[in-house]
Amino acid sequence: MNNSPSMKIARRLFEESGLASSHEPVDVMLVSALLERRYHVGGRLERLPTEKDDTFRLRTDSGDYLVKVSHPDEAETVVALQTAVMRFLQGAAPELPVQRVKLTVGGDDRVAIRTNDGRTRVLRVFDFVEGTVLARTNPTAEQLAKVGEMLGRVDVALKAFEHPADRRGLVWDIRHFHQLTGLVEHTPNTEHRQLAQEVFRLFDGAIVPRLNDLETQVIHGDYSPYNVVVDPHSDDFVTGVIDFGDTMRSAVIFDPAVSLANLLGRAPDHPWLDACAFVAGYERARPVEDWELPLLPIAALARLTLRALITNWRAERVPERRDYLLGHAKDDWINVGRAMAVTLDDVIAQLREGRRDLP
């Protein structure tokens with residue numbers, strides 16, 4: 001076992017994130033019984049693939065719901081944070097299309113499930129957001145700008161939010177990236193290892209010295225194309241913001257960086273094109289400081305590299321979710337390479353130009 005300081009940090013963060021181990025799937029009959037007893041809803045449960053928890057679509061005669069049962073290693077306080085963020089936005093910014101939390105008949109926003117080994121899992125129910133996720137569309141530059149603008153509005157609304165668990169440890173948090181170099185050893189491809197090492201070098205040189213200067217607050221944490229529901233025929237385009245499972249207190253620019261990481265390489269000949277459109281939209285709602293803007297592409301590269309590294313590590317240890325993990329990260333190394341073929345000066349110039357191109 002690798003006991004380097006980097007891998008010790010990685011293992012701790014994986015554990016705190018509920019990603020260190022597999023678990024027995026929750027009993028569907030138990031979930032059905034709890035839904036009937038605590039929520040007075042019943043119907044057909046359809047299991048959905050996810051990164052770590054047990055997730056179902058509940059189809060009822062009156063409408064559909066999303067049902068989540070947390071991973072047994074995920075702390076109850078962290079689950080409470082995720083729920084509190086959504087409820088806060090529902091009250092503070094009801095105009096935002098954030099997924100709604102359904103309460104039990106007794107007014108609770110969660111139901112605790114005690115497992116046989118003494119641990120606790122948390123069942124929650126949300127409205128099911130109908131529509132198409134952004135990942136399954138081919139958005140225009142203006143539509144991507146609207147996606148970015150929506151995240152900017154969410155970040156503005158969350159500025160005042162606080163929670164006792166918002167400083168949770170999360171392996172996906174980009175601020176920990178420079179501490180996770182040990183994950184490179186789990187990447188078998190030499191070219192991929194070299195790409196990762198170059199991204200670590202960029203991050204160490206540009207972002208690590210400024211980490212304490214970056215503005216922090218609670219952020220969504222995973223505003224990816226799979227967590228944005230859209231309607232191409234709607235003027236608003238974005239019709240749903242879902243899955244606050246990675247919410248945390250971190251640097252605010254790391255929130256759009258997650259989105260950029262997912263947009264890199266979509267246009268192979270212009271790998272930063274979509275990312276620039278997104279940033280232009282984001283800045284309509286929440287401008288990025290001039291000194292922070294050059295850090296944004298490096299943070300995006302770090303996030304994309306981090307997903308590739310984590311995928312390799314987890315696919316070895318959680319084989320039952322291997323297909324899900326590899327499916328979401330299958331092009332990551334290709335896109336890291338494409339994005340890094342453009343000089344950072346050119347990327348920053350494109351970002352600044354994007355500010356002028358979109359209203």
# chains A, B, ... in the order shown; residues from 1 in each chain; ligands from 1

call {"tool": "residues_around", "arguments": {"residues": "Arg47 in chain A", "least_positions_apart": "5", "cutoff": "8 Å", "atoms": "only C-alpha atoms", "output": "PyMOL selection string"}}
result
chain A and resi 54-57

call {"tool": "closest_atom_pairs", "arguments": {"of": "range 99-195 of chain A", "to": "range 82-91 of chain A", "cutoff": "12 Å", "atoms": "only C-alpha atoms", "output": "CSV"}}
result
residue,atom,partner,partner_atom,distance
A:Gln99,CA,A:Met86,CA,7.1
A:Arg100,CA,A:Met86,CA,6.8
A:Val101,CA,A:Arg87,CA,6.8
A:Lys102,CA,A:Arg87,CA,9.9
A:Leu103,CA,A:Arg87,CA,10.6
A:Asp108,CA,A:Thr83,CA,11.1
A:Asp109,CA,A:Thr83,CA,7.6
A:Arg110,CA,A:Thr83,CA,8.6
A:Val122,CA,A:Thr83,CA,10.9
A:Leu123,CA,A:Thr83,CA,11.1
A:Arg124,CA,A:Thr83,CA,8.5
A:Val125,CA,A:Thr83,CA,10.1
A:Phe126,CA,A:Thr83,CA,9.8
A:Asp127,CA,A:Met86,CA,11.7
A:Arg153,CA,A:Leu89,CA,10.6
A:Val154,CA,A:Leu89,CA,8.0
A:Asp155,CA,A:Leu89,CA,10.3
A:Val156,CA,A:Leu89,CA,10.6
A:Ala157,CA,A:Leu89,CA,7.0
A:Leu158,CA,A:Leu89,CA,7.3
A:Lys159,CA,A:Leu89,CA,10.7
A:Ala160,CA,A:Phe88,CA,9.8
A:Phe161,CA,A:Phe88,CA,7.4
A:Glu162,CA,A:Val85,CA,8.7
A:His163,CA,A:Ala84,CA,7.9
A:Pro164,CA,A:Ala84,CA,10.6
A:Ala165,CA,A:Gln82,CA,9.4
A:Asp166,CA,A:Gln82,CA,9.0
A:Arg168,CA,A:Gln82,CA,11.1

call {"tool": "select_by_dssp", "arguments": {"residues": "range 10-177 of chain A", "states": "helix (DSSP H, G or I)", "output": "ChimeraX atom specification"}}
result
/A:10-16,28-39,76-92,134-136,141-158,174-177

call {"tool": "select_by_dssp", "arguments": {"residues": "range 145-280 of chain A", "states": "strand (DSSP E or B)", "output": "number ranges by chain"}}
result
A: 216-219, 228-230, 238-241, 248-251

call {"tool": "residues_around", "arguments": {"residues": "Glu289 in chain A", "least_positions_apart": "2", "cutoff": "12 Å", "atoms": "only C-alpha atoms", "output": "ChimeraX atom specification"}}
result
/A:213-215,252-253,283,286-287,291-296,352

call {"tool": "write_last_selection", "arguments": {"atoms": "N, CA, C and O atoms", "output": "compact mmCIF listing (two decimals), in the first residue's frame"}}
result
# COMPACT_ATOMS: atom_id res chain seq x y z
N ASP A 213 -6.12 33.96 -1.11
CA ASP A 213 -6.63 35.25 -1.58
C ASP A 213 -7.97 35.13 -2.28
O ASP A 213 -8.68 36.13 -2.46
N LEU A 214 -8.32 33.92 -2.71
CA LEU A 214 -9.55 33.73 -3.47
C LEU A 214 -10.78 33.88 -2.59
O LEU A 214 -10.81 33.40 -1.45
N GLU A 215 -11.80 34.54 -3.12
CA GLU A 215 -13.06 34.69 -2.39
C GLU A 215 -13.72 33.33 -2.23
O GLU A 215 -13.79 32.55 -3.19
N VAL A 252 -14.90 30.63 -5.02
CA VAL A 252 -16.05 30.78 -5.91
C VAL A 252 -15.67 30.47 -7.36
O VAL A 252 -16.47 29.87 -8.09
N ILE A 253 -14.46 30.83 -7.78
CA ILE A 253 -14.12 30.58 -9.20
C ILE A 253 -13.99 29.09 -9.50
O ILE A 253 -13.99 28.69 -10.66
N GLU A 283 -20.39 35.75 -16.25
CA GLU A 283 -20.02 37.10 -15.83
C GLU A 283 -21.17 38.10 -15.97
O GLU A 283 -21.08 39.20 -15.43
N ARG A 286 -22.28 37.31 -12.34
CA ARG A 286 -21.25 37.45 -11.32
C ARG A 286 -19.90 37.64 -12.00
O ARG A 286 -19.25 36.68 -12.37
N PRO A 287 -19.47 38.89 -12.17
CA PRO A 287 -18.18 39.15 -12.83
C PRO A 287 -17.02 38.50 -12.07
O PRO A 287 -17.01 38.45 -10.85
N TRP A 291 -7.82 39.73 -11.83
CA TRP A 291 -6.65 38.95 -11.42
C TRP A 291 -6.99 37.47 -11.27
O TRP A 291 -6.09 36.62 -11.32
N GLU A 292 -8.29 37.15 -11.11
CA GLU A 292 -8.70 35.76 -10.98
C GLU A 292 -8.89 35.08 -12.34
O GLU A 292 -8.78 33.86 -12.45
N LEU A 293 -9.19 35.87 -13.36
CA LEU A 293 -9.52 35.29 -14.67
C LEU A 293 -8.42 34.37 -15.20
O LEU A 293 -8.72 33.28 -15.70
N PRO A 294 -7.13 34.73 -15.11
CA PRO A 294 -6.09 33.81 -15.61
C PRO A 294 -5.99 32.50 -14.84
O PRO A 294 -5.41 31.53 -15.34
N LEU A 295 -6.56 32.46 -13.63
CA LEU A 295 -6.53 31.23 -12.84
C LEU A 295 -7.63 30.26 -13.25
O LEU A 295 -7.53 29.05 -13.00
N LEU A 296 -8.67 30.78 -13.87
CA LEU A 296 -9.84 29.97 -14.21
C LEU A 296 -9.51 28.81 -15.15
O LEU A 296 -9.91 27.67 -14.88
N ARG A 352 -11.17 36.93 -22.38
CA ARG A 352 -11.40 38.38 -22.36
C ARG A 352 -12.20 38.82 -23.58
O ARG A 352 -13.06 39.69 -23.50

call {"tool": "closest_residue", "arguments": {"among": "A:Leu260, A:Ala75, A:Val208, A:Cys276", "to": "Leu19 in chain A", "atoms": "only C-alpha atoms"}}
result
A:Ala75

call {"tool": "residues_around", "arguments": {"residues": "Thr140 in chain A", "least_positions_apart": "2", "cutoff": "12 Å", "atoms": "only C-alpha atoms", "output": "list in words"}}
result
Leu134, Thr137, Asn138, Glu142, Gln143, Leu144, Ala145, Lys146, Val147, Pro232, Phe237, Ala267, Leu273, Asp274, Ala275, Ala277 and Phe278 of chain A

call {"tool": "closest_residue", "arguments": {"among": "A:Glu15, A:Asp73, A:Asp236, A:Asp53", "to": "Pro97 in chain A", "atoms": "only C-alpha atoms"}}
result
A:Asp236

call {"tool": "closest_residue", "arguments": {"among": "A:Asp346, A:Glu353, A:Asp27, A:Asp323", "to": "Glu51 in chain A", "atoms": "only C-alpha atoms"}}
result
A:Asp323
